[in-house]
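Novice: I am attaching a structure below and will ask some questions about it afterwards.
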Number of protein chains: 2
Amino acid sequence: MFAKETYVARRRQLKESVGSGLLLFLGNDECGMNYEDNTYNYRQDSSFLYFWGLSYAGLAAVIDIDEDREIIFGDELTIDHIVWMGTQPTLHEKAQRVGVTETLPLAELKKYVEKVVAQKRTVHYLPPYRAEHRLKLMDLLGVKPGAEMPSIPFIKGIVNLRNYKTEEEIAEIERACDVTAEMHLEAMRVLRVGMKEHEVAAALEAVAQVHGCNLSFPTIATVCGQTLHNHYHGHTVKEEEMLLVDAGAETAMGYAGDMSSTICAGKKFTSRQKDIYDIQVAAHQAAVNALKPGVYFRDVYDLSCRVICEGLKGLGLMKGNPADAVEQGAHAMFFPCGLGHMMGLDVHDMENLGEVWVGYDGQPKSTQFGRKSLRLARKLEPGFVLTIEPGIYFIPELMDYWKAEHRFTDFINYEKLESYRDFTGLRNEEDYLITATGARRLGKKIPLTTEEVEAMR
Amino acid sequence: MFAKETYVARRRQLKESVGSGLLLFLGNDECGMNYEDNTYNYRQDSSFLYFWGLSYAGLAAVIDIDEDREIIFGDELTIDHIVWMGTQPTLHEKAQRVGVTETLPLAELKKYVEKVVAQKRTVHYLPPYRAEHRLKLMDLLGVKPGAEMPSIPFIKGIVNLRNYKTEEEIAEIERACDVTAEMHLEAMRVLRVGMKEHEVAAALEAVAQVHGCNLSFPTIATVCGQTLHNHYHGHTVKEEEMLLVDAGAETAMGYAGDMSSTICAGKKFTSRQKDIYDIQVAAHQAAVNALKPGVYFRDVYDLSCRVICEGLKGLGLMKGNPADAVEQGAHAMFFPCGLGHMMGLDVHDMENLGEVWVGYDGQPKSTQFGRKSLRLARKLEPGFVLTIEPGIYFIPELMDYWKAEHRFTDFINYEKLESYRDFTGLRNEEDYLITATGARRLGKKIPLTTEEVEAMR
C-alpha cells in the first residue's frame with residue numbers, strides 16, 4: 001500500500017474532476033469456483049484499489065462530492081471468521097491507513113444511496129464487469145441488469161488519473177516487470193524437447209509465486225502460437241517447434257507486468273523460423289524507436305504493420321504496396337491483433353472502463369478486422385505505460401476463410417502461404433514507459449532476437 | 001471425459017429419481033478478475049460435469065422428463081473466437097460425445113423454459129452459488145435474486161448418485177490423490193528454515209501443474225496453522241516453527257484430492273510439538289480404524305474428539321471427563337472444525353447442494369460451536385469418499401474470548417493453556433474410500449507421524 005497521502009490526493013483530484021454527485025465504488029467480492037466457499041484467488045477491483053487501497057472482499061465506498069464526505073462501507077469480522085481466516089484490523093483501522101475516517105456497516109450503503117436518489121442528486125457508477133456488480137446495482141439503484149448507464153464523467157475522471165503513472169507507480173510496475181522477465185528467462189532455461197507445455201508453465205508461474213506475486217493474467221505457453229490466447233497446455237514440445245510464452249506477474253499491490261517470448265524447442269531456430277522471426281523483431285524495434293510523446297500510437301501500429309508487410313513481401317508471402325496493404329487491412333492475415341495496450345493496475349489497463357476512453361481519448365475505434373483489436377491509438381504522453389507486442393501468425397482457419405472469399409488477392413500470395421500452414425505463430429513483447437523525450441523499457445531485458453534466444457538455449 | 005454411456009446412464013437414473021418436470025442445469029460462465037476478459041481459470045459446475053461432461057463456458061442443458069428430451073444449449077464459435085481461442089468441435093459434436101443428440105442456440109433456452117412454465121409443469125433448478133446463476137434464474141424464471149427456491153427432489157436425486165463413487169470415478173480420484181501426495185512430499189523435500197511460505201507453495205503447486213492438474217482449492221501453506229484457512233503466505237519460516245500445508249490437485253476431469261501435512265521447519269520437531277502431534281495422530285488413527293459401512297460419521301468425529309481430549313488431559317491442558325467435554329463442546333477450543341467431508345468432483349463434495357443433504361441425509365445439523373462445522377455425520381456406505389483430518393489448534397483469539405466468558409472452566413485449564421498461546425496449530429489429512437468391509441486410503445501414503453515427517457527432512 002502507498003502512503004495515505006497518495007490515496008487522499010487521488011480522491012481529491014477525482015472529486016474536482018467530476019464536480020458533483022455521489023461517486024459509488026463497488027469493491028469486488030469473493031467468487032466461488034464450484035461452490036461458494038471454494039473461491040478463486042481474491043482480486044479487488046482496480047479502481048477501488050487505486051482510490052481506496054484496500055484489498056478485502058465485501059467493501060464498498062462513496063465519495064459524496066456535494067457533502068464532502070468519504071465513506072467506506074463494510075462489516076467487522078465475527079469470532080467465526082477469525083477462527084477460520086485469522087485476525088484482521090478493524091474496518092476503521094483499515095480505513096485510516098488510506099486517510100478515510102468515516103466507516104459504516106455495509107447495510108447502510110443502500111440507505112445512503114437512496115437518500116442521494118431522493119435528493120435528485122446524481123449517483124455515478126462504473127461499468128459492471130461481474131454478475132455481482134449487476135446484482136448490486138439492481139439492488140441499490142433499481143437498474144435492470146444489462147441496462148446499466150455508467151457515468152461518463154466518472155469514467156473520464158478515473159482514466160485521466162490512472163493513465164498517467166506517478167513515480168511510485170512506475171517503481172511498482174517495474175518490480176512487476178522484473179519478476180515477469182525472470183519468468184521468461186526461467187522458461188528459456190527449462191524448456192527441453194519432449195516436455196509438456198504445462199511443465200514450462202509450472203516452472204515460470206512458480207517464479208512469480210516465489211517472488212510473492214500473482215499472475216497478472218492466465219499464462220499462455222503453447223506450441224500453437226497461431227491461436228492468440230491459447231490456454232491449452234497439454235502438448236508435448238517437439239524438435240523444431242517454437243514455444244510462445246505470454247505471461248506476467250502482478251505485485252501484491254496489484255500492478256502488472258506483461259511480456260511475451262518465443263523460444264526454439266531445440267538449440268536453434270530453423271531458417272524458415274528465423275526469416276519470420278527477424279521480420280517480427282524488425283517490426284518490434286521500429287515500433288519501440290517510434291515511441292515518444294506527441295506520436296499517435298495508431299501510427300506506431302501502422303508502422304509496425306508496414307514493416308511486417310515489407311518483410312513478408314521479401315519472402316514472397318505478400319505482394320503489392322505495403323502501405324496500401326496495411327490501409328486496406330490485408331496485414332491482418334498475419335497480424336490480426338493489436339500492437340500494444342496500456343498497462344498498470346490491470347494488465348490491459350482499465351479495459352473495464354472502455355478502450356474508447358482509455359486508449360482512444362473518446363474517439364471511435366475502427367471496425368476493420370485486425371485493426372479493431374488495437375486497444376490503444378491515442379497520442380502518447382509522458383507517464384503512459386504500454387506494451388509493444390507485434391506478432392506474425394499463420395492461422396489455417398483464417399487462411400481458408402479469406403482464400404475462399406478471395407480477400408486481398410492483390411496483397412496475399414495464397415499459393416505460397418499454403419506452405420506456411422504449419423508454421424504456427426510468434427511474438428515478442430516488452431513494456432515501456434513514455435518519458436518526456438522518448439520511452440524507457442521497464443524491467444530487466446529479456447532476449448528479443450533469435451540470436452539472443454539461442455544464446456539462452 | 002468418461003465414455004458416453006456413463007453420462008447417458010447418469011441422466012437416466014436422475015430422470016427416474018425425480019420423475020417429472022424439467023431439470024434445468026446452468027453451466028458456469030467465465031468470471032473476470034479485474035475486467036471481463038481477464039478471466040479466472042475456467043471451472044465448470046460439477047453437477048453439469050457429472051451429467052453432461054462438457055467443460056466449456058456458455059452452456060446450459062435440460063432434461064425434459066415429461067417429453068423425454070435431453071438438450072444442450074450453446075452457441076457456435078465465430079471466426080473471431082477461432083482466431084483468439086482456436087478451433088473447437090461444434091456444439092453438436094461435443095454433445096454427441098456425451099450421448100446427446102439435440103442441441104439448440106442459447107437464446108432458445110428462455111423460450112423452452114417459458115413454454116414449460118406456461119404448461120404449468122415444474123422447472124427444477126439447483127441452489128445458485130455465483131451471482132451469474134442468480135441473474136440467469138431471474139431472467140429465465142423471474143425469480144428475485146436471493147429468493148430462489150431450489151428443487152429438493154433435484155438435489156436429492158443428484159446427491160444420491162454423486163455420493164456413491166463408481167470404479168471409474170474412484171480411479172480418477174485416486175489419480176488426483178497421487179498427485180496430491182506428490183505435492184506434499186515436494187513440500188517436505190524443499191522446506192528450509194529461512195524460506196518464505198510462498199516459496200514452498202510455489203514448489204508444491206508446480207507439482208500439480210507438471211502433472212496437468214489444477215488445484216482443487218486454494219493452497220494453505222502457513223506457519224500460523226491455528227488460522228484454519230490461512231491463505232497469507234508472506235512469513236519467513238523460522239527454526240522450531242511448523243509449516244501446515246493443506247493442498248490438493250484436481251484432475252482435468254474435475255476430480256479432487258485433498259491432503260494436509262504439518263512439517264517441522266528444521267530437522268526435528270520440538271518435544272512440545274511432538275506431544276501435541278502424537279495426540280493428533282492418535283485421533284487420526286482412531287478415526288481411520290473406525291471407518292466402515294454402517295458407522296455414523298458423527299460417532300467417528302466424537303471418537304476423534306475424545307482421543308484429543310484424553311491426550312490434552314494427559315498434558316494438563318484439559319481436565320474432567322473427556323466424553324462429557326466432547327458432548328458439551330469444550331473440545332472445540334482445540335478442534336473447532338470438522339473431522340472430514342465428502343470428496344469427489346468438488347473437494348467438499350456438493351457443498352453447493354447443501355451439507356444437510358450430502359452429509360446429513362436430510363437430518364438437521366448441530367448449532368454447537370465446533371460441531372456445527374462438521375460437514376459429514378451420516379451413516380457410512382460403500383462408495384463414499386471422504387477425508388480424515390483431525391487437528392489441534394491454539395487460537396489466541398478464541399482462548400481470550402472463552403476465558404473472558406468463563407466457558408468450560410471444568411474442562412479447560414486456562415492457566416496452563418496460556419503457555420501454549422504461541423503454539424500455532426497442526427493437522428494431518430488423508431482421503432479414504434468406504435469399501436464393503438472397511439475403508440481404503442486413496443493415493444500414495446504421505447508421512448503421518450512425527451517420525452515419518454522427520455525421516456523426510
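Following the order of the C-alpha cells, chains are lettered A, B, ..., residues in each are numbered from 1, and ligands are numbered from 1.
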Per DSSP on the backbone, filter segment 207-310 of chain A down to the residues in strand (DSSP E or B) and report them as a VMD selection string.

Specialist: chain A and resid 214 to 215 220 to 222 236 242 to 247 249 to 250 256 259 to 264 296

Novice: I need the chosen residues saved as a PDB file, in the first residue's frame, with N, CA, C and O atoms.

Specialist:
ATOM      1  N   ASN A 214       1.269 -12.638  -7.780  1.00  0.00           N
ATOM      2  CA  ASN A 214       0.269 -13.411  -8.505  1.00  0.00           C
ATOM      3  C   ASN A 214       0.587 -13.324  -9.989  1.00  0.00           C
ATOM      4  O   ASN A 214       1.542 -12.662 -10.395  1.00  0.00           O
ATOM      5  N   LEU A 215      -0.258 -13.976 -10.795  1.00  0.00           N
ATOM      6  CA  LEU A 215      -0.166 -13.805 -12.246  1.00  0.00           C
ATOM      7  C   LEU A 215      -1.060 -12.628 -12.623  1.00  0.00           C
ATOM      8  O   LEU A 215      -2.159 -12.484 -12.098  1.00  0.00           O
ATOM      9  N   ILE A 220      -0.031 -18.033 -21.150  1.00  0.00           N
ATOM     10  CA  ILE A 220      -0.038 -18.720 -22.442  1.00  0.00           C
ATOM     11  C   ILE A 220       1.344 -19.348 -22.603  1.00  0.00           C
ATOM     12  O   ILE A 220       2.352 -18.666 -22.469  1.00  0.00           O
ATOM     13  N   ALA A 221       1.386 -20.645 -22.834  1.00  0.00           N
ATOM     14  CA  ALA A 221       2.668 -21.339 -23.071  1.00  0.00           C
ATOM     15  C   ALA A 221       2.334 -22.449 -24.048  1.00  0.00           C
ATOM     16  O   ALA A 221       1.869 -23.511 -23.656  1.00  0.00           O
ATOM     17  N   THR A 222       2.552 -22.167 -25.336  1.00  0.00           N
ATOM     18  CA  THR A 222       1.969 -23.050 -26.352  1.00  0.00           C
ATOM     19  C   THR A 222       2.855 -23.200 -27.570  1.00  0.00           C
ATOM     20  O   THR A 222       3.534 -22.254 -27.977  1.00  0.00           O
ATOM     21  N   THR A 236       3.043 -31.979 -26.104  1.00  0.00           N
ATOM     22  CA  THR A 236       4.468 -32.263 -25.880  1.00  0.00           C
ATOM     23  C   THR A 236       5.261 -31.446 -26.895  1.00  0.00           C
ATOM     24  O   THR A 236       4.923 -31.419 -28.076  1.00  0.00           O
ATOM     25  N   MET A 242       8.324 -24.133 -31.858  1.00  0.00           N
ATOM     26  CA  MET A 242       8.603 -22.950 -31.042  1.00  0.00           C
ATOM     27  C   MET A 242       7.556 -22.894 -29.937  1.00  0.00           C
ATOM     28  O   MET A 242       6.377 -23.157 -30.178  1.00  0.00           O
ATOM     29  N   LEU A 243       7.995 -22.512 -28.744  1.00  0.00           N
ATOM     30  CA  LEU A 243       7.053 -22.316 -27.638  1.00  0.00           C
ATOM     31  C   LEU A 243       6.821 -20.823 -27.470  1.00  0.00           C
ATOM     32  O   LEU A 243       7.760 -20.064 -27.197  1.00  0.00           O
ATOM     33  N   LEU A 244       5.573 -20.400 -27.661  1.00  0.00           N
ATOM     34  CA  LEU A 244       5.235 -18.998 -27.443  1.00  0.00           C
ATOM     35  C   LEU A 244       4.757 -18.845 -26.001  1.00  0.00           C
ATOM     36  O   LEU A 244       3.807 -19.520 -25.583  1.00  0.00           O
ATOM     37  N   VAL A 245       5.445 -17.989 -25.264  1.00  0.00           N
ATOM     38  CA  VAL A 245       5.080 -17.740 -23.859  1.00  0.00           C
ATOM     39  C   VAL A 245       4.629 -16.294 -23.720  1.00  0.00           C
ATOM     40  O   VAL A 245       5.327 -15.362 -24.127  1.00  0.00           O
ATOM     41  N   ASP A 246       3.441 -16.114 -23.172  1.00  0.00           N
ATOM     42  CA  ASP A 246       2.926 -14.779 -22.861  1.00  0.00           C
ATOM     43  C   ASP A 246       2.480 -14.873 -21.417  1.00  0.00           C
ATOM     44  O   ASP A 246       1.538 -15.601 -21.089  1.00  0.00           O
ATOM     45  N   ALA A 247       3.194 -14.182 -20.527  1.00  0.00           N
ATOM     46  CA  ALA A 247       2.944 -14.353 -19.096  1.00  0.00           C
ATOM     47  C   ALA A 247       3.432 -13.132 -18.355  1.00  0.00           C
ATOM     48  O   ALA A 247       4.332 -12.428 -18.826  1.00  0.00           O
ATOM     49  N   ALA A 249       3.657 -11.135 -14.155  1.00  0.00           N
ATOM     50  CA  ALA A 249       3.457 -11.128 -12.708  1.00  0.00           C
ATOM     51  C   ALA A 249       2.641  -9.906 -12.298  1.00  0.00           C
ATOM     52  O   ALA A 249       2.648  -8.884 -12.986  1.00  0.00           O
ATOM     53  N   GLU A 250       1.956 -10.056 -11.192  1.00  0.00           N
ATOM     54  CA  GLU A 250       1.224  -8.934 -10.585  1.00  0.00           C
ATOM     55  C   GLU A 250       1.741  -8.806  -9.162  1.00  0.00           C
ATOM     56  O   GLU A 250       1.758  -9.789  -8.424  1.00  0.00           O
ATOM     57  N   ALA A 256       0.805  -4.710 -12.733  1.00  0.00           N
ATOM     58  CA  ALA A 256       1.052  -5.813 -13.662  1.00  0.00           C
ATOM     59  C   ALA A 256       2.319  -5.641 -14.472  1.00  0.00           C
ATOM     60  O   ALA A 256       2.736  -4.522 -14.774  1.00  0.00           O
ATOM     61  N   MET A 259       4.867  -9.708 -20.593  1.00  0.00           N
ATOM     62  CA  MET A 259       5.858  -9.897 -21.660  1.00  0.00           C
ATOM     63  C   MET A 259       5.572 -11.188 -22.413  1.00  0.00           C
ATOM     64  O   MET A 259       4.910 -12.081 -21.896  1.00  0.00           O
ATOM     65  N   SER A 260       6.066 -11.234 -23.647  1.00  0.00           N
ATOM     66  CA  SER A 260       5.963 -12.460 -24.442  1.00  0.00           C
ATOM     67  C   SER A 260       7.331 -12.816 -24.985  1.00  0.00           C
ATOM     68  O   SER A 260       8.160 -11.932 -25.245  1.00  0.00           O
ATOM     69  N   SER A 261       7.545 -14.091 -25.174  1.00  0.00           N
ATOM     70  CA  SER A 261       8.761 -14.527 -25.859  1.00  0.00           C
ATOM     71  C   SER A 261       8.446 -15.782 -26.652  1.00  0.00           C
ATOM     72  O   SER A 261       7.492 -16.486 -26.353  1.00  0.00           O
ATOM     73  N   THR A 262       9.227 -16.021 -27.674  1.00  0.00           N
ATOM     74  CA  THR A 262       9.040 -17.210 -28.500  1.00  0.00           C
ATOM     75  C   THR A 262      10.372 -17.940 -28.539  1.00  0.00           C
ATOM     76  O   THR A 262      11.388 -17.371 -28.945  1.00  0.00           O
ATOM     77  N   ILE A 263      10.343 -19.181 -28.054  1.00  0.00           N
ATOM     78  CA  ILE A 263      11.565 -19.905 -27.752  1.00  0.00           C
ATOM     79  C   ILE A 263      11.673 -21.130 -28.660  1.00  0.00           C
ATOM     80  O   ILE A 263      10.693 -21.865 -28.839  1.00  0.00           O
ATOM     81  N   CYS A 264      12.862 -21.350 -29.223  1.00  0.00           N
ATOM     82  CA  CYS A 264      13.051 -22.557 -30.034  1.00  0.00           C
ATOM     83  C   CYS A 264      13.106 -23.775 -29.112  1.00  0.00           C
ATOM     84  O   CYS A 264      13.731 -23.725 -28.050  1.00  0.00           O
ATOM     85  N   TYR A 296       1.007   9.521 -32.344  1.00  0.00           N
ATOM     86  CA  TYR A 296      -0.200   8.707 -32.193  1.00  0.00           C
ATOM     87  C   TYR A 296       0.179   7.235 -32.219  1.00  0.00           C
ATOM     88  O   TYR A 296       0.913   6.805 -33.114  1.00  0.00           O
TER      89      TYR A 296
END

Novice: Per residue of chain B within 6 Å of chain A, record the nearest atom pair and its distance in Å to one decimal, counting only C-alpha atoms, with rows in chain order and ascending residue number, as CSV.

Specialist:
residue,atom,partner,partner_atom,distance
B:Asn34,CA,A:Asp45,CA,5.6
B:Tyr35,CA,A:Asn352,CA,4.9
B:Glu36,CA,A:Tyr129,CA,5.2
B:Asp45,CA,A:Asn34,CA,5.5
B:Val83,CA,A:Thr227,CA,5.8
B:Trp84,CA,A:Leu228,CA,4.6
B:Met85,CA,A:His229,CA,5.4
B:Gly86,CA,A:Thr227,CA,5.2
B:Tyr129,CA,A:Glu36,CA,5.3
B:Ala131,CA,A:Glu132,CA,5.0
B:Glu132,CA,A:Ala131,CA,5.0
B:His198,CA,A:Val210,CA,5.8
B:Glu199,CA,A:Val210,CA,4.5
B:Ala202,CA,A:Ala206,CA,4.8
B:Ala206,CA,A:Ala202,CA,4.8
B:Gln209,CA,A:Ala202,CA,5.4
B:Val210,CA,A:Glu199,CA,4.6
B:Thr227,CA,A:Gly86,CA,5.2
B:Leu228,CA,A:Trp84,CA,4.6
B:His229,CA,A:Trp84,CA,5.2
B:Asn230,CA,A:Met85,CA,5.8
B:Asn352,CA,A:Tyr35,CA,4.9

Novice: Please report the interatomic distance between atom CA of Thr101 of chain A and atom CA of Ile65 of chain A in Å with one decimal.

Specialist: 15.7 Å

Novice: Which residue is closest to Ala286 of chain B? Choose from B:Leu303, B:Ala325, B:Ile434, B:Ile446 and count only C-alpha atoms.

Specialist: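 Smallest distance to Ala286 of chain B is found for B:Leu303.
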
Novice: Show me, as a ChimeraX atom specification, the residues that have an atom within 10 Å of Asp400 of chain B when counting only C-alpha atoms, minus same-chain residues fewer than 5 positions from it.

Specialist: /B:395,405-406,414,418,421

Novice: If you count only C-alpha atoms, which residues fall within 9 Å of Lys379 of chain A, apart from same-chain ones fewer than 5 positions away, as a list of chain:residue names?

Specialist: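 In the requested format, the answer is A:Pro293, A:Gly294, A:Val295, A:Tyr296, A:Phe297, A:Arg298, A:Gly359, A:Tyr360, A:Asp361.
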
Novice: If you measure from atom CA of Val453 of chain A to atom CA of Arg189 of chain A, what distance in Å do you get, rounded to one decimal?

Specialist: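 So the two atoms, atom CA of Val453 of chain A and atom CA of Arg189 of chain A, lie 10.1 Å apart.
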
Novice: Within 9 Å of segment 8-25 of chain A, counting only C-alpha atoms, which residues show up once you throw out same-chain ones fewer than 3 positions away? Write them as a count of residues only, please.

Specialist: 35

Novice: Give me, as a PyMOL selection string, the residues of segment 235-445 of chain B that a backbone DSSP run labels alpha helix (DSSP H).

Specialist: chain B and resi 271-290+297-314+322-328+355-358+396-404+414-418

Novice: Could you pull the residues within 12 Å of Val300 of chain A, counting only C-alpha atoms, minus those fewer than 3 positions along the same chain, as a VMD selection string?

Specialist: chain A and resid 283 to 297 303 to 307 338 to 340 374 376 to 380 388 to 390

Novice: List the neighbours of Gly344 of chain B out to 12 Å using only C-alpha atoms; skip same-chain residues closer than 3 positions along the sequence, and give me the result as a PyMOL selection string.

Specialist: (chain A and resi 34) or (chain B and resi 46-47+49-50+159+161-166+168-177+216+249-251+253-258+341+347-351+358+383-387+431-433+442)

Novice: Next, the residues of the selection above should be written as a compact mmCIF listing (two decimals), in the first residue's frame with C-alpha atoms.

Specialist:
# COMPACT_ATOMS: atom_id res chain seq x y z
CA ASN A 34 -17.57 -24.76 -7.90
CA SER B 46 -19.65 -30.03 -11.02
CA SER B 47 -23.20 -31.31 -11.50
CA LEU B 49 -19.78 -32.03 -15.46
CA TYR B 50 -21.28 -35.11 -13.83
CA VAL B 159 -26.75 -36.38 -4.14
CA LEU B 161 -25.92 -40.53 -7.39
CA ARG B 162 -22.82 -38.43 -6.75
CA ASN B 163 -22.32 -39.69 -3.18
CA TYR B 164 -21.67 -43.24 -4.42
CA LYS B 165 -18.46 -43.25 -6.41
CA THR B 166 -18.15 -45.78 -9.22
CA GLU B 168 -14.11 -45.28 -12.87
CA GLU B 169 -14.61 -42.31 -10.56
CA ILE B 170 -12.51 -43.91 -7.82
CA ALA B 171 -9.69 -44.49 -10.29
CA GLU B 172 -9.85 -40.81 -11.27
CA ILE B 173 -9.97 -39.64 -7.63
CA GLU B 174 -7.00 -41.84 -6.88
CA ARG B 175 -5.09 -40.11 -9.69
CA ALA B 176 -5.87 -36.77 -8.03
CA CYS B 177 -4.75 -38.19 -4.68
CA SER B 216 -8.74 -28.41 -6.13
CA ALA B 249 -4.80 -31.45 -7.04
CA GLU B 250 -7.79 -31.57 -9.35
CA THR B 251 -7.58 -33.75 -12.45
CA MET B 253 -11.88 -34.23 -15.46
CA GLY B 254 -12.50 -32.24 -12.28
CA TYR B 255 -11.96 -34.84 -9.54
CA ALA B 256 -10.24 -33.65 -6.37
CA GLY B 257 -7.60 -34.76 -3.91
CA ASP B 258 -7.20 -33.08 -0.52
CA HIS B 341 -16.04 -34.22 4.37
CA VAL B 347 -13.22 -31.03 -2.79
CA HIS B 348 -16.10 -30.51 -0.34
CA ASP B 349 -18.33 -32.62 -2.49
CA MET B 350 -21.62 -30.98 -3.47
CA GLU B 351 -21.25 -28.28 -0.80
CA VAL B 358 -24.92 -34.57 1.24
CA GLY B 383 -18.60 -45.91 -2.33
CA PHE B 384 -18.39 -42.83 -0.13
CA VAL B 385 -15.10 -40.97 -0.49
CA LEU B 386 -14.16 -38.73 2.42
CA THR B 387 -11.30 -37.02 4.18
CA ASP B 431 -8.50 -39.43 1.80
CA TYR B 432 -10.47 -42.67 2.19
CA LEU B 433 -12.91 -44.78 0.23
CA LEU B 442 -6.70 -43.30 -1.69

Novice: Atom CA of Glu182 of chain A to atom CA of Phe2 of chain A: how many Å, to one decimal?

Specialist: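 Atom-to-atom, atom CA of Glu182 of chain A and atom CA of Phe2 of chain A are spaced 24.8 Å apart.
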